[in-house]
Amino acid sequence: MTAADRHSRLLYWAGVALGPIAWGINLQGVYVLAHFSCEQTRISGAIMSAVLAIVALAGTVISARAVQRGAGAEWTDAQGGGPRTFMAWLGVGSGVLFALVIANQFAASLMISPCLR
Amino acid sequence: MSIAAEPNDLRDDVLNGLQLSTQLERVWRTPSGWMGALMAVDHKVVGRRYIVTAFVFLLLGGILAVLMRVQLAGPEKTFLSADKYNQVFTMHGSTMMFLFAVPVMEAFAVYLVPLMVGTRNIAFPRLNAFSYWMFLFGGCFLWISFLFNVGPDVGWFSYVPLSSLQFTPTKRADVWAQMITFTEVAALAVAVEIVVTVFKLRAPGMTLDRIPLFVWAMLVTAFLVMFAMPSIMVASTSLILDRLVNTRFYDSSSGGHPLLWQHLFWFFGHPEVYIIFIPGTGMVSAILATFARRPVIGYPVVILSLIATGFLSFGLWVHHMFVTGLPQLGAALFTASSMLIAVPSGLQIFCWLATLWDGRPVYRTPLLFVIGFIVIFVLGGLSGVMVASVPIDTQVHDTYFVVAHFHYVLIGGAVFPLIGAVYYWFPKIAGRMLSERLGRWNFWLAFIGFNVAFFPMHILGLIGMPRRVYTYTADMDWAHLNLLSSGGALIFALSFALLLVNVIYSLRKGELAGDNPWDASTLEWATSSPPPPQNFDRIPVVKHRDPLWADSESLPVVAGLSAERREVLLTSLAEAEPQIREASPEPSIWPLLAAIATTIFFIGSIFTPWAVLWGTPPMAVTLIGWFWPTGSKEDEE
């Protein structure tokens with residue numbers, strides 16, 4: 001496998017993985033930050049969610065570029081056999097999905113008091 | 001394609017035709033006799049047992065449903081006492097959810113996934129056998145308890161404080177909780193096997209975008225099982241601890257909280273609906289492609305929808321708890337996510353309709369059940385959107401409206417595709433076709449019976465009939481609709497009796513099926529019906545998403561696997577490139593012994609905490625026996 005191949009494979013995985021990783025960090029982060037948010041900065045949870053939503057969307061962008069670069073035509077091909085393009089589309093979908101979920105948590109952190117027990 | 005050979009190792013590339021088949025059958029066959037049956041690790045043998053056992057539980061759960069409908073057919077009937085009715089509806093729900101719906105879907109996966117991905121056995125075949133025994137013992141434990149009047153009577157979700165020691169001092173709640181542990185262990189084991197089989201045992205060339213949609217559905221389901229079921233195992237174990245050793249997880253007077261139970265239960269319980277529904281969608285996609293005579297439109301869209309549905313299913317659980325006094329804002333967020341999940345489900349429905357529209361549909365029995373599924377599931381989805389809204393849910397919570405809704409979703413979304421799947425895959429499993437004439441009767445009785453039984457329940461709920469009441473007075477004006485519903489239930493039950501008759505008749509006298517009676521496109525139809533012990537004489541090479549439609553004459557194969565011991569080919573995750581040959585375990589009695597030891601441990605531990613102490617060594621012994629090197633060829637590498 002050439003260095004370019006390795007780089008390209010890494011990007012495909014990055015596109016797929018960034019969304020779920022960002023969401024996982026956000027989910028755990030809001031629990032970790034709850035006490036701090038209540039005592040210090042009320043919007044710290046919202047800031048973290050906003051940043052991580054952008055990270056998830058970065059996954060979408062990486063994957064969308066891979067689709068553009070690669071074999072967009074394979075998308076409509078019933079034969080299959082273009083797993084990287086498939087993964088890239090998976091990355092586009094998962095980035096948007098996880099960004100939406102993080103946005104939901106972002107909205108919640110703006111509306112619900114972190115001191116609420 | 002050929003794999004490099006080692007010296008003195010008989011490979012399948014030096015044998016051909018009958019010689020190869022005979023040799024592989026000798027290596028892969030399940031030993032004969034009682035002992036052989038108890039040692040079986042062939043995924044087809046275990047899968048068949050799983051399917052038959054799950055259908056026996058369906059029959060038992062169905063009989064209980066009929067008993068309930070007889071009791072409710074008129075006002076103030078005394079056919080069942082209040083206590084017996086409590087046990088009957090709890091047993092019905094628990095049996096259908098934990099002993100039928102989830103296991104039967106996994107059972108079909110155990111049988112079909114290895115065939116569909118073109119390998120010779122499931123990953124971890126002994127764990128698979130262990131899983132079946134655990135499921136069987138757990139189901140028997142529940143039903144034997146019921147026959148001895150210790151059947152659970154606290155509802156299929158066993159809410160605290162009703163199920164606490166204070167309000168249920170008998171062992172009934174413990175039986176329910178430990179049955180959960182049995183079935184979840186079994187389900188988790190199968191989930192792990194499915195994931196590894198799909199990720200590592202696919203035929204060369206079956207890249208991620210060539211995996212059959214049914215296999216994708218089972219893969220997503222397996223992940224759901226792995227993330228959802230630990231929650232209910234924690235819940236049931238902590239309930240047993242509360243009842244046995246006076247921990248206080250759910251006791252608010254000691255710092256616990258009853259709502260913790262509801263959160264833990266529904267964090268599992270809502271994905272559970274999708275654990276049942278998503279395999280149904282996989283079955284629909286498989287059947288639809290075959291009978292519409294074209295691939296499902298929007299293959300990647302369907303897969304993304306499956307994944308999105310699976311993920312979103314973990315964000316809805318609180319909609320089961322709208323009336324528990326949660327903050328309104330939280331409830332509003334869960335309403336939004338509950339409605340959001342309709343989007344991927346809707347996308348799949350549109351893909352299926354487009355496939356039918358663009359195809360040349362052949363209306364055989366499996367396709368009739370798929371069309372029945374679409375109609376009923378869409379109706380269930382509509383009432384689902386209604387109860388996702390807090391004001392409506394507050395009005396109809398715990399009424400027959402909810403009973404109608406979830407039966408539309410679960411029977412429409414899972415049982416109709418499942419019966420379609422029985423008609424579709426029976427020829428592969430049994431080698432004979434089911435009767436088409438009986439099948440059509442079966443479908444129309446089921447479709448009409450189901451709607452007559454469950455549609456009136458919407459109205460009953462709206463006019464105020466609560467669920468789980470064992471009788472009602474004549475002045476409530478519920479009698480006519482209840483009678484209608486009971487009549488529909490009997491017709492629905494008759495449809496299942498007809499299915500049973502069809503299966504028994506066709507097993508003996510059905511038309512011989514041949515390898516591919518439906519001219520389907522996926523790999524399970526590339527082998528004989530029923531498949532030989534080794535599944536395929538040579539592992540197929542996949543070059544198309546619909547391999548049998550693309551290479552109808554001769555499927556390319558890979559050669560070089562051992563012909564004198566059980567061996568499977570491992571391939572890479574995304575590209576399915578051949579990586580390594582791997583030994584596959586031989587038949588063994590240890591999974592059964594381990595399941596017996598675990599059963600003794602589980603049952604003992606609802607009576608005494610000391611069972612944890614004396615129950616562990618036998619389990620340890622069986623596990624040591626299970627993994628002890630035997631010097632057989634499977635241990636050499």
# chains A, B, ... in the order shown; residues from 1 in each chain; ligands from 1
>>> residues_around(residues="Lys171 in chain B", least_positions_apart="6", cutoff="9 Å", atoms="only C-alpha atoms", output="PyMOL selection string")
chain B and resi 150-152+606-607
>>> write_last_selection(atoms="N, CA and C atoms", output="mmCIF file, in the first residue's frame")
data_model
loop_
_atom_site.group_PDB
_atom_site.id
_atom_site.type_symbol
_atom_site.label_atom_id
_atom_site.label_comp_id
_atom_site.auth_asym_id
_atom_site.auth_seq_id
_atom_site.Cartn_x
_atom_site.Cartn_y
_atom_site.Cartn_z
ATOM 1 N N VAL B 150 -46.581 -19.703 39.748
ATOM 2 C CA VAL B 150 -45.597 -18.705 40.153
ATOM 3 C C VAL B 150 -45.256 -17.827 38.939
ATOM 4 N N GLY B 151 -46.179 -17.774 37.994
ATOM 5 C CA GLY B 151 -45.935 -16.942 36.818
ATOM 6 C C GLY B 151 -45.969 -15.482 37.198
ATOM 7 N N PRO B 152 -45.105 -14.675 36.576
ATOM 8 C CA PRO B 152 -45.098 -13.249 36.904
ATOM 9 C C PRO B 152 -46.459 -12.607 36.643
ATOM 10 N N ILE B 606 -32.057 -16.593 42.736
ATOM 11 C CA ILE B 606 -33.254 -15.849 43.147
ATOM 12 C C ILE B 606 -33.758 -16.342 44.503
ATOM 13 N N PHE B 607 -33.157 -17.447 44.977
ATOM 14 C CA PHE B 607 -33.578 -17.966 46.283
ATOM 15 C C PHE B 607 -32.581 -17.629 47.383
#
>>> residues_around(residues="range 94-105 of chain A", least_positions_apart="6", cutoff="8 Å", atoms="only C-alpha atoms", output="list in words")
Gly15, Val16, Leu18, Gly19, Pro20, Ala22, Trp23, Asn26, Ser49, Ala50, Leu52, Ala53, Ile54, Ala56, Leu57, Ala58, Gly59 and Thr60 of chain A; Ala308 and Leu333 of chain B
>>> closest_residue(among="B:Pro427, B:Pro31, B:Gly269, B:Gly330", to="chain A", atoms="only C-alpha atoms")
B:Gly330
>>> select_by_dssp(residues="range 11-109 of chain A", states="alpha helix (DSSP H)", output="PyMOL selection string")
chain A and resi 11-39+44-69+83-109
>>> closest_atom_pairs(of="chain B", to="chain A", cutoff="10 Å", atoms="only C-alpha atoms", output="CSV")
residue,atom,partner,partner_atom,distance
B:Gly205,CA,A:Gly81,CA,7.4
B:Met206,CA,A:Gly81,CA,7.5
B:Thr207,CA,A:Gly81,CA,5.7
B:Leu208,CA,A:Pro83,CA,5.4
B:Asp209,CA,A:Gly80,CA,5.4
B:Arg210,CA,A:Gly80,CA,5.3
B:Ile211,CA,A:Gly80,CA,9.0
B:Pro295,CA,A:Ala78,CA,7.6
B:Val296,CA,A:Ala78,CA,9.3
B:Ile297,CA,A:Ala78,CA,9.0
B:Gly298,CA,A:Thr76,CA,8.2
B:Tyr299,CA,A:Ala78,CA,8.1
B:Pro300,CA,A:Phe86,CA,7.5
B:Val301,CA,A:Leu90,CA,9.5
B:Ile303,CA,A:Leu90,CA,8.8
B:Leu304,CA,A:Leu90,CA,6.8
B:Ser305,CA,A:Gly93,CA,9.3
B:Ile307,CA,A:Ser94,CA,8.7
B:Ala308,CA,A:Leu97,CA,7.3
B:Phe311,CA,A:Leu97,CA,9.0
B:Leu312,CA,A:Val101,CA,8.7
B:Gly315,CA,A:Val101,CA,9.0
B:Pro327,CA,A:Ile112,CA,9.8
B:Leu329,CA,A:Ile112,CA,7.8
B:Gly330,CA,A:Ala108,CA,8.1
B:Leu333,CA,A:Asn104,CA,7.8
B:Ala336,CA,A:Asn104,CA,9.4
B:Ser337,CA,A:Asn104,CA,8.9
B:Val542,CA,A:Gly81,CA,9.2
B:Lys543,CA,A:Gly81,CA,7.2
B:His544,CA,A:Gln79,CA,4.6
B:Arg545,CA,A:Gln79,CA,5.0
B:Asp546,CA,A:Gln79,CA,7.2
B:Pro547,CA,A:Gln79,CA,8.8
B:Ala550,CA,A:Gln79,CA,8.6
B:Leu573,CA,A:Pro83,CA,9.9
B:Ala574,CA,A:Pro83,CA,6.1
B:Glu575,CA,A:Pro83,CA,6.3
B:Ala576,CA,A:Pro83,CA,9.5
>>> write_last_selection(atoms="C-alpha atoms", output="mmCIF file, in the first residue's frame")
data_model
loop_
_atom_site.group_PDB
_atom_site.id
_atom_site.type_symbol
_atom_site.label_atom_id
_atom_site.label_comp_id
_atom_site.auth_asym_id
_atom_site.auth_seq_id
_atom_site.Cartn_x
_atom_site.Cartn_y
_atom_site.Cartn_z
ATOM 1 C CA GLY B 205 -15.428 -9.701 -3.067
ATOM 2 C CA MET B 206 -18.488 -9.078 -0.905
ATOM 3 C CA THR B 207 -17.491 -5.487 -0.183
ATOM 4 C CA LEU B 208 -19.509 -3.400 2.273
ATOM 5 C CA ASP B 209 -21.731 -2.185 -0.555
ATOM 6 C CA ARG B 210 -22.486 -5.720 -1.757
ATOM 7 C CA ILE B 211 -23.779 -7.068 1.545
ATOM 8 C CA PRO B 295 -32.890 -4.868 -6.893
ATOM 9 C CA VAL B 296 -34.309 -2.653 -4.154
ATOM 10 C CA ILE B 297 -34.171 0.966 -5.287
ATOM 11 C CA GLY B 298 -31.875 3.121 -3.150
ATOM 12 C CA TYR B 299 -29.675 0.403 -1.624
ATOM 13 C CA PRO B 300 -27.406 2.961 0.136
ATOM 14 C CA VAL B 301 -30.414 5.007 1.267
ATOM 15 C CA ILE B 303 -28.719 1.128 4.673
ATOM 16 C CA LEU B 304 -28.281 4.693 5.908
ATOM 17 C CA SER B 305 -31.904 4.599 7.050
ATOM 18 C CA ILE B 307 -28.276 2.854 10.692
ATOM 19 C CA ALA B 308 -30.064 6.132 11.436
ATOM 20 C CA PHE B 311 -29.053 5.182 16.346
ATOM 21 C CA LEU B 312 -32.104 7.376 16.859
ATOM 22 C CA GLY B 315 -32.977 8.794 21.918
ATOM 23 C CA PRO B 327 -39.999 18.555 33.134
ATOM 24 C CA LEU B 329 -38.970 20.932 28.242
ATOM 25 C CA GLY B 330 -37.393 17.484 28.432
ATOM 26 C CA LEU B 333 -37.239 17.348 23.233
ATOM 27 C CA ALA B 336 -39.106 15.949 18.645
ATOM 28 C CA SER B 337 -36.767 12.972 18.516
ATOM 29 C CA VAL B 542 -18.776 -12.132 -5.202
ATOM 30 C CA LYS B 543 -18.495 -9.691 -8.074
ATOM 31 C CA HIS B 544 -21.916 -8.118 -7.966
ATOM 32 C CA ARG B 545 -24.466 -6.936 -5.414
ATOM 33 C CA ASP B 546 -26.895 -9.538 -6.794
ATOM 34 C CA PRO B 547 -24.472 -12.374 -7.482
ATOM 35 C CA ALA B 550 -25.172 -11.441 -12.479
ATOM 36 C CA LEU B 573 -13.708 -5.503 6.808
ATOM 37 C CA ALA B 574 -14.421 -3.085 3.964
ATOM 38 C CA GLU B 575 -13.028 -4.706 0.823
ATOM 39 C CA ALA B 576 -13.585 -8.375 1.776
#
>>> residues_around(residues="range 77-89 of chain B", least_positions_apart="4", cutoff="7 Å", atoms="only C-alpha atoms", output="ChimeraX atom specification")
/B:64,71,93,151-153,155,470-471
>>> write_last_selection(atoms="C-alpha atoms", output="mmCIF file, in the first residue's frame")
data_model
loop_
_atom_site.group_PDB
_atom_site.id
_atom_site.type_symbol
_atom_site.label_atom_id
_atom_site.label_comp_id
_atom_site.auth_asym_id
_atom_site.auth_seq_id
_atom_site.Cartn_x
_atom_site.Cartn_y
_atom_site.Cartn_z
ATOM 1 C CA LEU B 64 -52.750 -16.747 26.217
ATOM 2 C CA GLN B 71 -62.367 -13.172 29.008
ATOM 3 C CA GLY B 93 -46.218 -9.863 26.840
ATOM 4 C CA GLY B 151 -45.935 -16.942 36.818
ATOM 5 C CA PRO B 152 -45.098 -13.249 36.904
ATOM 6 C CA ASP B 153 -48.105 -10.966 37.311
ATOM 7 C CA GLY B 155 -46.742 -6.693 33.532
ATOM 8 C CA TYR B 470 -59.642 -8.200 33.636
ATOM 9 C CA THR B 471 -63.284 -7.232 33.179
#
>>> atom_distance(atom1="CA of Pro204 in chain B", atom2="CA of Thr571 in chain B")
6.5 Å
>>> residues_around(residues="Pro114 in chain A", least_positions_apart="2", cutoff="6 Å", atoms="only C-alpha atoms", output="ChimeraX atom specification")
/A:34,38,116
>>> residues_around(residues="Gly510 in chain B", least_positions_apart="3", cutoff="9 Å", atoms="only C-alpha atoms", output="PDB file with N, CA and C atoms, in the first residue's frame")
ATOM      1  N   GLY B 431     -36.326 -27.794   1.958  1.00  0.00           N
ATOM      2  CA  GLY B 431     -36.188 -28.446   0.657  1.00  0.00           C
ATOM      3  C   GLY B 431     -37.513 -28.638  -0.062  1.00  0.00           C
ATOM      4  N   ARG B 432     -38.605 -28.172   0.557  1.00  0.00           N
ATOM      5  CA  ARG B 432     -39.919 -28.302  -0.080  1.00  0.00           C
ATOM      6  C   ARG B 432     -40.659 -26.975  -0.024  1.00  0.00           C
ATOM      7  N   MET B 433     -41.543 -26.765  -0.999  1.00  0.00           N
ATOM      8  CA  MET B 433     -42.321 -25.528  -1.047  1.00  0.00           C
ATOM      9  C   MET B 433     -43.514 -25.638  -0.092  1.00  0.00           C
ATOM     10  N   LEU B 434     -43.889 -24.501   0.494  1.00  0.00           N
ATOM     11  CA  LEU B 434     -45.160 -24.458   1.232  1.00  0.00           C
ATOM     12  C   LEU B 434     -46.289 -24.311   0.215  1.00  0.00           C
ATOM     13  N   SER B 435     -47.470 -24.795   0.581  1.00  0.00           N
ATOM     14  CA  SER B 435     -48.618 -24.722  -0.331  1.00  0.00           C
ATOM     15  C   SER B 435     -49.012 -23.260  -0.572  1.00  0.00           C
ATOM     16  N   ASN B 502     -50.026 -25.957   7.148  1.00  0.00           N
ATOM     17  CA  ASN B 502     -49.276 -25.848   5.901  1.00  0.00           C
ATOM     18  C   ASN B 502     -47.854 -26.386   6.069  1.00  0.00           C
ATOM     19  N   VAL B 503     -47.213 -26.004   7.184  1.00  0.00           N
ATOM     20  CA  VAL B 503     -45.832 -26.454   7.428  1.00  0.00           C
ATOM     21  C   VAL B 503     -45.787 -27.971   7.571  1.00  0.00           C
ATOM     22  N   TYR B 505     -47.977 -30.251   6.582  1.00  0.00           N
ATOM     23  CA  TYR B 505     -48.352 -30.904   5.322  1.00  0.00           C
ATOM     24  C   TYR B 505     -47.195 -30.814   4.320  1.00  0.00           C
ATOM     25  N   SER B 506     -46.626 -29.605   4.201  1.00  0.00           N
ATOM     26  CA  SER B 506     -45.609 -29.401   3.161  1.00  0.00           C
ATOM     27  C   SER B 506     -44.291 -30.104   3.482  1.00  0.00           C
ATOM     28  N   LEU B 507     -44.003 -30.285   4.772  1.00  0.00           N
ATOM     29  CA  LEU B 507     -42.784 -31.005   5.127  1.00  0.00           C
ATOM     30  C   LEU B 507     -42.803 -32.414   4.543  1.00  0.00           C
ATOM     31  N   ALA B 513     -38.281 -28.246  -3.822  1.00  0.00           N
ATOM     32  CA  ALA B 513     -37.978 -26.837  -4.089  1.00  0.00           C
ATOM     33  C   ALA B 513     -36.877 -26.624  -5.124  1.00  0.00           C
TER      34      ALA B 513
END
>>> closest_residue(among="B:Val110, B:Ala520, B:Ala563, B:Leu72", to="Ile287 in chain B", atoms="only C-alpha atoms")
B:Ala520
>>> atom_distance(atom1="CA of Ser521 in chain B", atom2="CA of Phe373 in chain B")
22.2 Å
